[in-house]
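**Q** Here you go, one structure.
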Amino acid sequence: MTDQTTQTSRAQVNLVGLTKNDYRGNPSSLCQGCGHNSISSQIISACYELNIVPEKVVKFSGIGCSSKSPYYFLNRSFGFNGLHGRMPSLATGALFGDITLKGIGVSGDGDTASIGMGQFKHIIRRNVPMVYIVENNGVYGLTKGQFSATADEGLELKKQGTNPYLPVDIAWEALVGHATFVARSFAGDPKQVRELLKAAISHNGIAMLDIISPCVTFNNQDNTVHSYSWGKEHEVALHDLSFVPRAEEIMVDYEDGQIKEVTMHDGSMVLLKKLERDYDPTNRTEAMRVLEESNRECCLITGLIYIDESQPTLFDHYDLPAEPLNRLTEERLRPPRETMDKLNAMMF
Amino acid sequence: MISEKEQPDENTTGSVRPVINDFSITVATVNGSGSQTSNLTLMRALFKMGIPVSGKNIFPSNIQGQPTWYTIRVSDKGHLARREETEVMVTMNPATFARDVAGLVPGGALLYDDSIKIPINRQDIHMYPMPVKQLVRDSAAPTSIRDYIANMVYVGVLANIIGIDMEHIHKALDFHFKGKAKPIELNWSMVKNAYDWAAANLKKSDAYLVKPSGQTDGYIMTDGNTAAAMGALYGGLQFAAWYPITPATSLAETLNEYIPVFRKDPQTGKNTCAVLQAEDELAAIGMVVGAGWSGLRAMTSTSGPGLSLMVEYMGLAYLAEVPVVLWDVQRIGPSTGLPTRTSQGDLTLAYHMGHGDVKHVILFPGSVTECFEMGWKAFDIAERLQTPVIVLSDLDFGMNQWMTKPFEYPDRPMDRGKILWEDDLQKMGDRWGRYHDVDGDGIPYRTLPGNRLPNAAYFARGTGHDDYGAYSEEPEVWEANLLRIKRKLESNLALLPEPVIKQEQGADISLISFGSTQDAVDEALYVLSNQGYKVNHLRMRSLPVSDNVKQFVRGHKRNYVVELNRDGQLHQILQLEIPDSNLRLISLSHQDGLPLTARWVVEQLLAKEEQQHD
């Protein structure tokens with residue numbers, strides 16, 4: 001399992017004729033060593049390896065350090081940096097413009113778990129088909145170090161004192177809210193981040209990734225969940241995971257009984273290698289138990305926690321044309337003149 | 001002063017000279033009792049008789065059990081504003097009985113449920129007790145709907161007393177129940193029985209009568225929310241997000257009702273418009289801004305409290321130059337205010353929604369037909385200017401039925417504004433930058449998500465940006481961008497609906513108004529003219545203030561700005577935008593939750609005119 005990257009990713013040009021450079025963004029203005037930058041570069045890798053056409057992706061974000069990051073990947077994709085905590089609504093409306101596009105939203109723990117909790121829960125409830133990444137560092141970076149709602153109880157921060165509250169668990173909130181894809185990873189584990197991203201991008205529904213992304217400047221004490229050293233030591237991977245698009249030969253070196261196949265909407269599969277646990281990510285009750293147990297034991301469960309490919313997405317509830325709505329012309333949007341009499345007759 | 005309604009002369013024999021097609025009816029009921037169906041039936045029947053008619057529902061913010069009044073005005077002269085006087089009172093509500101009886105004009109007709117045993121201490125009115133319980137008991141109606149059917153009793157009795165054509169009552173019921181035989185028959189038989197009972201048992205003694213008048217040909221009857229929704233659907237609306245709120249709710253619900261009828265794609269049979277009920281107004285406007293940005297004709301509809309929540313995203317839409325349409329069906333604020341009462345009090349907020357330097361395009365429909373017209377026009381303006389457009393309607397328009405000119409098909413093709421798809425972008429080449437003013441009119445070109453060219457994408461944001469959408473904190477870049485956005489609006493005011501102006505030879509004073517006060521203002525002008533006053537009129541149809549409005553104001557010694565709010569919000573805006581004419585602008589503002597009356601306008605204007613001469 002050390003190298004599940006495929007032939008295409010080693011080549012200079014992928015199946016859609018693009019080099020990795022074609023997926024890059026502007027230079028990051030985030031701090032040196034910020035976990036968010038590492039996530040951005042895995043988004044680039046995942047899209048490159050999945051042969052995604054960048055013009056078929058739309059990026060969204062709210063406000064905060066995390067929300068700046070869509071500027072640092074996929075320059076050829078449209079993006080909209082919206083309002084604090086309000087990225088989900090912006091994305092929901094924008095994706096109606098062309099439902100063949102894939103949305104990638106990047107949010108932070110403040111943006112999602114504090115000001116944006118309402119919209120977060122509702123985009124999940126509606127199962128809007130997009131990737132929703134929370135770059136979770138437990139701290140407000142842009143305003144220089146206040147507690148966020150995901151900060152650990154007892155965390156001490158300069159100027160803030162000690163955090164007296166239990167943290168919001170974003171993966172738990174997503175799961176309780178009927179998310180159809182819930183995963184957690186750690187920015188310092190690029191391979192797992194990349195594989196989960198690939199699975200998330202291929203999921204036809206809301207794909208929520210809670211990525212613990214240490215803040216090197218304001219929250220990187222060894223005793224907090226959101227630090228590198230803590231994450232590295234306490235991370236418990238649910239399973240080794242490798243995402244394999246259907247178009248390619250499955251290369252995973254697996255043993256009977258140790259591989260869990262999850263078929264994605266587009267026919268591709270996620271392969272989960274179980275480690276010490278016999279974990280079934282299609283079992284919601286089991287997912288809740290694992291999360292609750294890991295919270296009690298303070299270990300960082302990573303991997304694909306839950307997936308359900310059978311739920312209808314938001315757009316399945318609308319009988320929309322296959323052609324993007326934003327390309328429809330006047331003849332298809334304005335009722336013909338002859339209907340005017342009918343309309344007026346419908347009044348009294 | 002405006003004269004009281006002329007009282008019918010009683011002659012020596014006790015019979016009276018009839019008053020035909022010129023009086024007001026008030027129906028006092030308990031809300032949630034089905035009285036709205038009865039009241040609409042009466043009004044629609046009068047309309048079908050060809051009599052100019054209006055109806056105002058004065059109702060509580062409550063589901064059931066609170067007093068509610070419905071006033072119907074018939075006027076052969078076409079004066080349809082609310083009046084304070086009532087000539088015919090129908091009262092079914094013991095809780096308001098004493099007050100209702102007291103409010104009737106001398107010589108008025110009182111129809112009341114005879115189970116109300118409160119003494120009536122008036123000798124100067126005509127009384128018609130109605131045995132409501134008895135008539136309901138005698139009907140075949142199932143017990144479960146008897147309370148609702150009870151209100152059909154007064155429809156039948158009133159029809160008999162004032163002479164409403166029963167055939168038109170049947171037509172109105174047929175329309176209301178969408179042709180469903182069973183409810184039509186149930187209600188009709190109650191109306192008919194009550195009518196027959198009245199014919200056999202009551203003797204008409206009051207003066208008030210209606211007669212067919214032939215004056216409503218070429219009109220339809222509908223409400224402003226329906227008109228706005230239909231206008232939007234004819235404007236090619238593609239996405240609407242909303243959150244339920246009185247009095248805007250029926251606008252979005254109408255979209256849902258009519259999309260399957262009018263908005264199936266002629267090529268695929270699929271829907272070309274999507275409506276989403278959001279979790280709150282923050283999300284509704286967020287979705288609409290997203291949809292507008294991705295190239296859809298996008299709209300939301302709300303009222304005051306929702307408007308407050310939408311401020312944040314409207315500021316972003318202004319700066320990021322995203323076309324959206326926002327219908328504000330106003331009710332009284334501040335705060336929750338009176339949710340079921342009308343107002344024009346959101347103007348100041350709407351005009352400047354957003355922190356920092358923001359000024360939005362505002363449209364003011366002045367009739368229900370104009371609600372339809374602005375329903376489609378708003379999208380042309382929003383997309384051409386790449387900016388939010390707010391349409392200010394109100395509860396009076398939105399929830400009351402109005403006789404109005406039929407909706408007219410849009411007189412021009414859609415204006416989608418400056419959009420670059422693949423071919424267009426290729427032609428423009430390097431000259432394109434999302435916020436680059438290529439044409440010198442302040443309006444840049446925009447590309448839309450899904451554009452397949454690698455150089456089509458840009459990163460939209462609410463932060464400072466240069467001509468190419470890149471983040472910038474450069475002082476000159478910020479200032480140049482904001483000045484361009486200002487110029488974009490100011491140099492394109494010709495795209496906005498012009499004011500409607502009525503001039504009289506020799507008039508040196510004027511009334512300035514907007515929106516649903518139009519009927520009251522028209523009637524006030526009629527009364528003033530009859531009293532020998534020469535007054536011009538300008539009805540605003542949009543903001544920012546255009547040169548035509550400025551010239552009009554400068555051309556009058558005194559301009560009285562009439563509006564339904566406490567502070568004279570339009571008056572304040574006009575003073576700010578026409579600073580050389582501050583002394584020419586006088587505020588006539590007032591708000592108590594009720595639609596404006598002509599009497600108030602006339603009295604206030606004459607009182608202020610008198611001060612001028614003191």
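Residues are named by chain letter and number: chains run A, B, ... in the order of the structure tokens, numbers start at 1 in each chain, and ligands are numbered from 1 in the order shown.
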Write out as a tab-separated table a residue-level contact list of chain B versus chain A with cut-off 7 Å: for each qualifying residue the closest pair of atoms and the distance in Å to one decimal, counting only C-alpha atoms, rows sorted by chain and residue number upward.

**A**
residue	atom	partner	partner_atom	distance
B:Ile220	CA	A:Phe348	CA	5.5
B:Met221	CA	A:Phe348	CA	4.9
B:Thr222	CA	A:Met347	CA	5.9
B:Tyr234	CA	A:Arg334	CA	5.1
B:Gly235	CA	A:Arg334	CA	6.2
B:Gly236	CA	A:Leu333	CA	4.6
B:Phe262	CA	A:Pro335	CA	6.1
B:Arg263	CA	A:Pro335	CA	6.7
B:Asp265	CA	A:Arg332	CA	5.5
B:Pro266	CA	A:Arg332	CA	6.2
B:Thr268	CA	A:Pro321	CA	6.6
B:Lys270	CA	A:Leu320	CA	5.3
B:Asn271	CA	A:Leu320	CA	5.2
B:Thr272	CA	A:Leu320	CA	6.4
B:Ala274	CA	A:Tyr318	CA	6.9
B:Ala283	CA	A:Ser89	CA	5.1
B:Gly286	CA	A:Leu90	CA	4.8
B:Met287	CA	A:Gly93	CA	3.9
B:Val288	CA	A:Gly93	CA	5.8
B:Val289	CA	A:Leu90	CA	6.4
B:Gly290	CA	A:Ala94	CA	4.0
B:Ala291	CA	A:Ala94	CA	4.2
B:Trp293	CA	A:Ala94	CA	6.7
B:Ser294	CA	A:Gly97	CA	5.2
B:Gly295	CA	A:Asn326	CA	5.2
B:Leu296	CA	A:Asn326	CA	5.5
B:Pro406	CA	A:Asn344	CA	6.1
B:Phe407	CA	A:Asn344	CA	6.5
B:Tyr409	CA	A:Arg337	CA	6.4
B:Met414	CA	A:Glu330	CA	6.8
B:Pro449	CA	A:Phe78	CA	5.9
B:Gly450	CA	A:Lys56	CA	6.2
B:Asn451	CA	A:Glu55	CA	6.9
B:Arg452	CA	A:Glu55	CA	5.7
B:Pro454	CA	A:Arg76	CA	5.4
B:Asn455	CA	A:Arg76	CA	6.6
B:Ala457	CA	A:Phe78	CA	4.5
B:Tyr458	CA	A:Phe78	CA	5.3
B:Phe459	CA	A:Gly79	CA	4.5
B:Ala460	CA	A:Phe80	CA	4.5
B:Arg461	CA	A:Asn81	CA	4.8
B:Gly462	CA	A:Gly82	CA	6.6

**Q** Can you check which residues of region 365-571 of chain B DSSP gives as strand (DSSP E) on the backbone and send them as a ChimeraX atom specification?

**A** /B:388-394,402-404,419-420,446-447,459-461,500-502,509-514,535-540,542-543,558-563

**Q** Which residue is closest to His571 (chain B)? Choose from B:Met540, B:Ala98, B:Val368, B:Leu395 and count only C-alpha atoms.

**A**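 Going through B:Met540, B:Ala98, B:Val368, B:Leu395 one by one, the smallest distance to His571 (chain B) is for B:Met540.
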
**Q** Using only C-alpha atoms, can you tell me which of A:Ile115, A:Ala174, A:Val128, A:Cys31 comes closest to Pro214 (chain A)?

**A**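 Smallest separation from Pro214 (chain A) among the options: A:Cys31.
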
**Q** From the DSSP assignment of the backbone, select every residue of region 29-209 of chain A that is alpha helix (DSSP H), and format the answer as a PDB file with N, CA and C atoms, in the first residue's frame.

**A**
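The result, written out as out-v1.pdb:
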ATOM      1  N   GLY A  35      -0.981  23.906   7.489  1.00  0.00           N
ATOM      2  CA  GLY A  35      -1.588  22.672   7.005  1.00  0.00           C
ATOM      3  C   GLY A  35      -2.476  22.901   5.795  1.00  0.00           C
ATOM      4  N   HIS A  36      -3.053  24.091   5.705  1.00  0.00           N
ATOM      5  CA  HIS A  36      -3.953  24.386   4.585  1.00  0.00           C
ATOM      6  C   HIS A  36      -3.228  24.272   3.243  1.00  0.00           C
ATOM      7  N   ASN A  37      -1.958  24.712   3.221  1.00  0.00           N
ATOM      8  CA  ASN A  37      -1.198  24.637   1.962  1.00  0.00           C
ATOM      9  C   ASN A  37      -1.009  23.197   1.515  1.00  0.00           C
ATOM     10  N   SER A  38      -0.795  22.348   2.497  1.00  0.00           N
ATOM     11  CA  SER A  38      -0.621  20.937   2.189  1.00  0.00           C
ATOM     12  C   SER A  38      -1.915  20.366   1.597  1.00  0.00           C
ATOM     13  N   ILE A  39      -3.051  20.793   2.135  1.00  0.00           N
ATOM     14  CA  ILE A  39      -4.339  20.324   1.596  1.00  0.00           C
ATOM     15  C   ILE A  39      -4.520  20.830   0.167  1.00  0.00           C
ATOM     16  N   SER A  40      -4.180  22.101  -0.055  1.00  0.00           N
ATOM     17  CA  SER A  40      -4.296  22.649  -1.416  1.00  0.00           C
ATOM     18  C   SER A  40      -3.496  21.807  -2.399  1.00  0.00           C
ATOM     19  N   SER A  41      -2.290  21.425  -1.995  1.00  0.00           N
ATOM     20  CA  SER A  41      -1.472  20.683  -2.955  1.00  0.00           C
ATOM     21  C   SER A  41      -2.027  19.272  -3.173  1.00  0.00           C
ATOM     22  N   GLN A  42      -2.705  18.723  -2.179  1.00  0.00           N
ATOM     23  CA  GLN A  42      -3.351  17.422  -2.396  1.00  0.00           C
ATOM     24  C   GLN A  42      -4.606  17.556  -3.272  1.00  0.00           C
ATOM     25  N   ILE A  43      -5.286  18.679  -3.184  1.00  0.00           N
ATOM     26  CA  ILE A  43      -6.426  18.912  -4.098  1.00  0.00           C
ATOM     27  C   ILE A  43      -5.907  18.925  -5.538  1.00  0.00           C
ATOM     28  N   ILE A  44      -4.775  19.597  -5.716  1.00  0.00           N
ATOM     29  CA  ILE A  44      -4.157  19.656  -7.039  1.00  0.00           C
ATOM     30  C   ILE A  44      -3.823  18.237  -7.529  1.00  0.00           C
ATOM     31  N   SER A  45      -3.195  17.471  -6.655  1.00  0.00           N
ATOM     32  CA  SER A  45      -2.821  16.097  -7.035  1.00  0.00           C
ATOM     33  C   SER A  45      -4.047  15.243  -7.323  1.00  0.00           C
ATOM     34  N   ALA A  46      -5.032  15.340  -6.454  1.00  0.00           N
ATOM     35  CA  ALA A  46      -6.224  14.503  -6.617  1.00  0.00           C
ATOM     36  C   ALA A  46      -6.913  14.815  -7.938  1.00  0.00           C
ATOM     37  N   CYS A  47      -7.068  16.078  -8.259  1.00  0.00           N
ATOM     38  CA  CYS A  47      -7.753  16.454  -9.506  1.00  0.00           C
ATOM     39  C   CYS A  47      -6.936  16.022 -10.723  1.00  0.00           C
ATOM     40  N   TYR A  48      -5.620  16.183 -10.611  1.00  0.00           N
ATOM     41  CA  TYR A  48      -4.739  15.761 -11.695  1.00  0.00           C
ATOM     42  C   TYR A  48      -4.850  14.254 -11.905  1.00  0.00           C
ATOM     43  N   GLU A  49      -4.770  13.529 -10.813  1.00  0.00           N
ATOM     44  CA  GLU A  49      -4.791  12.074 -10.921  1.00  0.00           C
ATOM     45  C   GLU A  49      -6.156  11.547 -11.357  1.00  0.00           C
ATOM     46  N   CYS A  65      -8.715  32.011   7.098  1.00  0.00           N
ATOM     47  CA  CYS A  65      -7.483  31.534   6.440  1.00  0.00           C
ATOM     48  C   CYS A  65      -7.821  30.443   5.430  1.00  0.00           C
ATOM     49  N   SER A  66      -8.626  29.482   5.875  1.00  0.00           N
ATOM     50  CA  SER A  66      -8.969  28.357   5.013  1.00  0.00           C
ATOM     51  C   SER A  66      -9.639  28.845   3.738  1.00  0.00           C
ATOM     52  N   SER A  67     -10.482  29.846   3.906  1.00  0.00           N
ATOM     53  CA  SER A  67     -11.300  30.304   2.784  1.00  0.00           C
ATOM     54  C   SER A  67     -10.507  31.073   1.746  1.00  0.00           C
ATOM     55  N   LYS A  68      -9.282  31.467   2.114  1.00  0.00           N
ATOM     56  CA  LYS A  68      -8.422  32.091   1.107  1.00  0.00           C
ATOM     57  C   LYS A  68      -7.859  31.039   0.159  1.00  0.00           C
ATOM     58  N   MET A  87     -20.865  30.117   2.896  1.00  0.00           N
ATOM     59  CA  MET A  87     -20.452  29.449   1.663  1.00  0.00           C
ATOM     60  C   MET A  87     -21.484  28.428   1.182  1.00  0.00           C
ATOM     61  N   PRO A  88     -22.124  27.659   2.084  1.00  0.00           N
ATOM     62  CA  PRO A  88     -23.043  26.628   1.585  1.00  0.00           C
ATOM     63  C   PRO A  88     -24.181  27.194   0.731  1.00  0.00           C
ATOM     64  N   SER A  89     -24.757  28.308   1.143  1.00  0.00           N
ATOM     65  CA  SER A  89     -25.866  28.843   0.354  1.00  0.00           C
ATOM     66  C   SER A  89     -25.372  29.334  -1.003  1.00  0.00           C
ATOM     67  N   LEU A  90     -24.235  29.998  -1.001  1.00  0.00           N
ATOM     68  CA  LEU A  90     -23.656  30.501  -2.244  1.00  0.00           C
ATOM     69  C   LEU A  90     -23.429  29.352  -3.226  1.00  0.00           C
ATOM     70  N   ALA A  91     -22.844  28.277  -2.716  1.00  0.00           N
ATOM     71  CA  ALA A  91     -22.542  27.121  -3.558  1.00  0.00           C
ATOM     72  C   ALA A  91     -23.822  26.458  -4.063  1.00  0.00           C
ATOM     73  N   THR A  92     -24.805  26.337  -3.172  1.00  0.00           N
ATOM     74  CA  THR A  92     -26.064  25.700  -3.554  1.00  0.00           C
ATOM     75  C   THR A  92     -26.687  26.411  -4.743  1.00  0.00           C
ATOM     76  N   GLY A  93     -26.758  27.745  -4.649  1.00  0.00           N
ATOM     77  CA  GLY A  93     -27.359  28.510  -5.744  1.00  0.00           C
ATOM     78  C   GLY A  93     -26.519  28.443  -7.001  1.00  0.00           C
ATOM     79  N   ALA A  94     -25.199  28.579  -6.836  1.00  0.00           N
ATOM     80  CA  ALA A  94     -24.323  28.633  -8.011  1.00  0.00           C
ATOM     81  C   ALA A  94     -24.343  27.327  -8.794  1.00  0.00           C
ATOM     82  N   LEU A  95     -24.406  26.216  -8.098  1.00  0.00           N
ATOM     83  CA  LEU A  95     -24.357  24.930  -8.801  1.00  0.00           C
ATOM     84  C   LEU A  95     -25.615  24.689  -9.639  1.00  0.00           C
ATOM     85  N   PHE A  96     -26.727  25.375  -9.291  1.00  0.00           N
ATOM     86  CA  PHE A  96     -27.905  25.277 -10.150  1.00  0.00           C
ATOM     87  C   PHE A  96     -27.613  25.807 -11.551  1.00  0.00           C
ATOM     88  N   GLY A  97     -26.637  26.707 -11.662  1.00  0.00           N
ATOM     89  CA  GLY A  97     -26.308  27.283 -12.967  1.00  0.00           C
ATOM     90  C   GLY A  97     -25.878  26.211 -13.959  1.00  0.00           C
ATOM     91  N   ASP A 109     -12.946  25.885  10.661  1.00  0.00           N
ATOM     92  CA  ASP A 109     -13.747  25.486  11.814  1.00  0.00           C
ATOM     93  C   ASP A 109     -14.598  26.635  12.328  1.00  0.00           C
ATOM     94  N   MET A 117     -22.728  27.250  11.272  1.00  0.00           N
ATOM     95  CA  MET A 117     -23.289  25.946  11.638  1.00  0.00           C
ATOM     96  C   MET A 117     -24.628  25.694  10.950  1.00  0.00           C
ATOM     97  N   GLY A 118     -25.466  26.723  10.878  1.00  0.00           N
ATOM     98  CA  GLY A 118     -26.795  26.544  10.282  1.00  0.00           C
ATOM     99  C   GLY A 118     -26.705  26.144   8.821  1.00  0.00           C
ATOM    100  N   GLN A 119     -25.939  26.902   8.048  1.00  0.00           N
ATOM    101  CA  GLN A 119     -25.854  26.610   6.618  1.00  0.00           C
ATOM    102  C   GLN A 119     -25.151  25.266   6.377  1.00  0.00           C
ATOM    103  N   PHE A 120     -24.176  24.951   7.230  1.00  0.00           N
ATOM    104  CA  PHE A 120     -23.472  23.665   7.131  1.00  0.00           C
ATOM    105  C   PHE A 120     -24.458  22.507   7.279  1.00  0.00           C
ATOM    106  N   LYS A 121     -25.297  22.590   8.302  1.00  0.00           N
ATOM    107  CA  LYS A 121     -26.244  21.504   8.536  1.00  0.00           C
ATOM    108  C   LYS A 121     -27.242  21.386   7.380  1.00  0.00           C
ATOM    109  N   HIS A 122     -27.595  22.521   6.803  1.00  0.00           N
ATOM    110  CA  HIS A 122     -28.621  22.480   5.755  1.00  0.00           C
ATOM    111  C   HIS A 122     -28.083  22.052   4.398  1.00  0.00           C
ATOM    112  N   ILE A 123     -26.836  22.361   4.117  1.00  0.00           N
ATOM    113  CA  ILE A 123     -26.301  21.878   2.831  1.00  0.00           C
ATOM    114  C   ILE A 123     -26.142  20.358   2.908  1.00  0.00           C
ATOM    115  N   ILE A 124     -25.875  19.878   4.105  1.00  0.00           N
ATOM    116  CA  ILE A 124     -25.785  18.424   4.298  1.00  0.00           C
ATOM    117  C   ILE A 124     -27.156  17.787   4.149  1.00  0.00           C
ATOM    118  N   ARG A 125     -28.151  18.409   4.791  1.00  0.00           N
ATOM    119  CA  ARG A 125     -29.513  17.876   4.736  1.00  0.00           C
ATOM    120  C   ARG A 125     -30.012  17.786   3.295  1.00  0.00           C
ATOM    121  N   ARG A 126     -29.603  18.755   2.484  1.00  0.00           N
ATOM    122  CA  ARG A 126     -30.076  18.774   1.090  1.00  0.00           C
ATOM    123  C   ARG A 126     -29.239  17.868   0.186  1.00  0.00           C
ATOM    124  N   ILE A 170     -17.003  18.110  14.075  1.00  0.00           N
ATOM    125  CA  ILE A 170     -17.610  18.401  12.770  1.00  0.00           C
ATOM    126  C   ILE A 170     -18.049  17.120  12.053  1.00  0.00           C
ATOM    127  N   ALA A 171     -17.234  16.080  12.156  1.00  0.00           N
ATOM    128  CA  ALA A 171     -17.613  14.812  11.508  1.00  0.00           C
ATOM    129  C   ALA A 171     -18.901  14.265  12.132  1.00  0.00           C
ATOM    130  N   TRP A 172     -18.998  14.397  13.439  1.00  0.00           N
ATOM    131  CA  TRP A 172     -20.192  13.943  14.150  1.00  0.00           C
ATOM    132  C   TRP A 172     -21.425  14.734  13.712  1.00  0.00           C
ATOM    133  N   GLU A 173     -21.266  16.052  13.640  1.00  0.00           N
ATOM    134  CA  GLU A 173     -22.382  16.903  13.209  1.00  0.00           C
ATOM    135  C   GLU A 173     -22.839  16.514  11.803  1.00  0.00           C
ATOM    136  N   ALA A 174     -21.875  16.237  10.950  1.00  0.00           N
ATOM    137  CA  ALA A 174     -22.212  15.862   9.572  1.00  0.00           C
ATOM    138  C   ALA A 174     -22.977  14.542   9.557  1.00  0.00           C
ATOM    139  N   LEU A 175     -22.487  13.614  10.336  1.00  0.00           N
ATOM    140  CA  LEU A 175     -23.094  12.283  10.366  1.00  0.00           C
ATOM    141  C   LEU A 175     -24.522  12.345  10.911  1.00  0.00           C
ATOM    142  N   VAL A 176     -24.682  13.066  12.007  1.00  0.00           N
ATOM    143  CA  VAL A 176     -26.009  13.215  12.604  1.00  0.00           C
ATOM    144  C   VAL A 176     -26.955  13.915  11.621  1.00  0.00           C
ATOM    145  N   PRO A 190      -0.433  13.416   3.809  1.00  0.00           N
ATOM    146  CA  PRO A 190      -0.841  13.814   2.452  1.00  0.00           C
ATOM    147  C   PRO A 190      -1.446  12.685   1.628  1.00  0.00           C
ATOM    148  N   LYS A 191      -0.931  11.488   1.801  1.00  0.00           N
ATOM    149  CA  LYS A 191      -1.445  10.402   0.974  1.00  0.00           C
ATOM    150  C   LYS A 191      -2.914  10.125   1.315  1.00  0.00           C
ATOM    151  N   GLN A 192      -3.192  10.056   2.602  1.00  0.00           N
ATOM    152  CA  GLN A 192      -4.581   9.790   2.992  1.00  0.00           C
ATOM    153  C   GLN A 192      -5.501  10.941   2.577  1.00  0.00           C
ATOM    154  N   VAL A 193      -5.013  12.163   2.748  1.00  0.00           N
ATOM    155  CA  VAL A 193      -5.807  13.322   2.331  1.00  0.00           C
ATOM    156  C   VAL A 193      -6.142  13.208   0.848  1.00  0.00           C
ATOM    157  N   ARG A 194      -5.134  12.872   0.084  1.00  0.00           N
ATOM    158  CA  ARG A 194      -5.322  12.801  -1.374  1.00  0.00           C
ATOM    159  C   ARG A 194      -6.331  11.706  -1.746  1.00  0.00           C
ATOM    160  N   GLU A 195      -6.181  10.559  -1.129  1.00  0.00           N
ATOM    161  CA  GLU A 195      -7.088   9.451  -1.472  1.00  0.00           C
ATOM    162  C   GLU A 195      -8.519   9.767  -1.046  1.00  0.00           C
ATOM    163  N   LEU A 196      -8.665  10.378   0.128  1.00  0.00           N
ATOM    164  CA  LEU A 196     -10.020  10.750   0.570  1.00  0.00           C
ATOM    165  C   LEU A 196     -10.611  11.822  -0.338  1.00  0.00           C
ATOM    166  N   LEU A 197      -9.759  12.737  -0.770  1.00  0.00           N
ATOM    167  CA  LEU A 197     -10.239  13.774  -1.698  1.00  0.00           C
ATOM    168  C   LEU A 197     -10.745  13.148  -2.989  1.00  0.00           C
ATOM    169  N   LYS A 198     -10.020  12.170  -3.470  1.00  0.00           N
ATOM    170  CA  LYS A 198     -10.432  11.521  -4.722  1.00  0.00           C
ATOM    171  C   LYS A 198     -11.791  10.831  -4.542  1.00  0.00           C
ATOM    172  N   ALA A 199     -11.940  10.176  -3.404  1.00  0.00           N
ATOM    173  CA  ALA A 199     -13.232   9.536  -3.137  1.00  0.00           C
ATOM    174  C   ALA A 199     -14.332  10.590  -3.014  1.00  0.00           C
ATOM    175  N   ALA A 200     -14.005  11.689  -2.340  1.00  0.00           N
ATOM    176  CA  ALA A 200     -15.005  12.753  -2.124  1.00  0.00           C
ATOM    177  C   ALA A 200     -15.431  13.375  -3.452  1.00  0.00           C
ATOM    178  N   ILE A 201     -14.458  13.613  -4.309  1.00  0.00           N
ATOM    179  CA  ILE A 201     -14.761  14.227  -5.602  1.00  0.00           C
ATOM    180  C   ILE A 201     -15.650  13.298  -6.424  1.00  0.00           C
ATOM    181  N   SER A 202     -15.458  12.015  -6.261  1.00  0.00           N
ATOM    182  CA  SER A 202     -16.245  11.053  -7.036  1.00  0.00           C
ATOM    183  C   SER A 202     -17.611  10.765  -6.437  1.00  0.00           C
TER     184      SER A 202
END

**Q** So that I can see what lies close to region 378-388 of chain B, please list as an MDAnalysis selection string the residues with an atom at most 9 Å from it, counting only C-alpha atoms and leaving out residues fewer than 3 positions away in the same chain.

**A** chainID B and resid 232 235:237 289 292 295 297:299 314 317:326 360:363 373:375 391 414:418 442:444 446 488:489 492 495:496

**Q** One decimal, Å: what's the distance from CA of Leu543 (chain B) over to CA of Tyr351 (chain B), could you say?

**A** 8.0 Å

**Q** Kindly give the distance, in Å, that separates CA of Asn530 (chain B) and CA of Trp402 (chain B), rounded to a single decimal.

**A**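 The value is 26.0 Å.
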
**Q** Which one is closest to Ser29 (chain A): A:Asn163, A:Asn51, A:Ser185, A:Ser69? Count only C-alpha atoms.

**A**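 Residue with the minimum atom-to-atom distance to Ser29 (chain A): A:Ser69.
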
**Q** Point out the residue among A:Tyr140, A:Tyr132, A:Tyr306, A:Tyr279 with the least atom-to-atom distance to Asp210 (chain A), counting only C-alpha atoms.

**A** A:Tyr132

**Q** Distance CA of Val216 (chain A)-CA of Gly141 (chain A), one decimal place?

**A**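 Taking CA of Val216 (chain A) and CA of Gly141 (chain A), their separation equals 9.6 Å.
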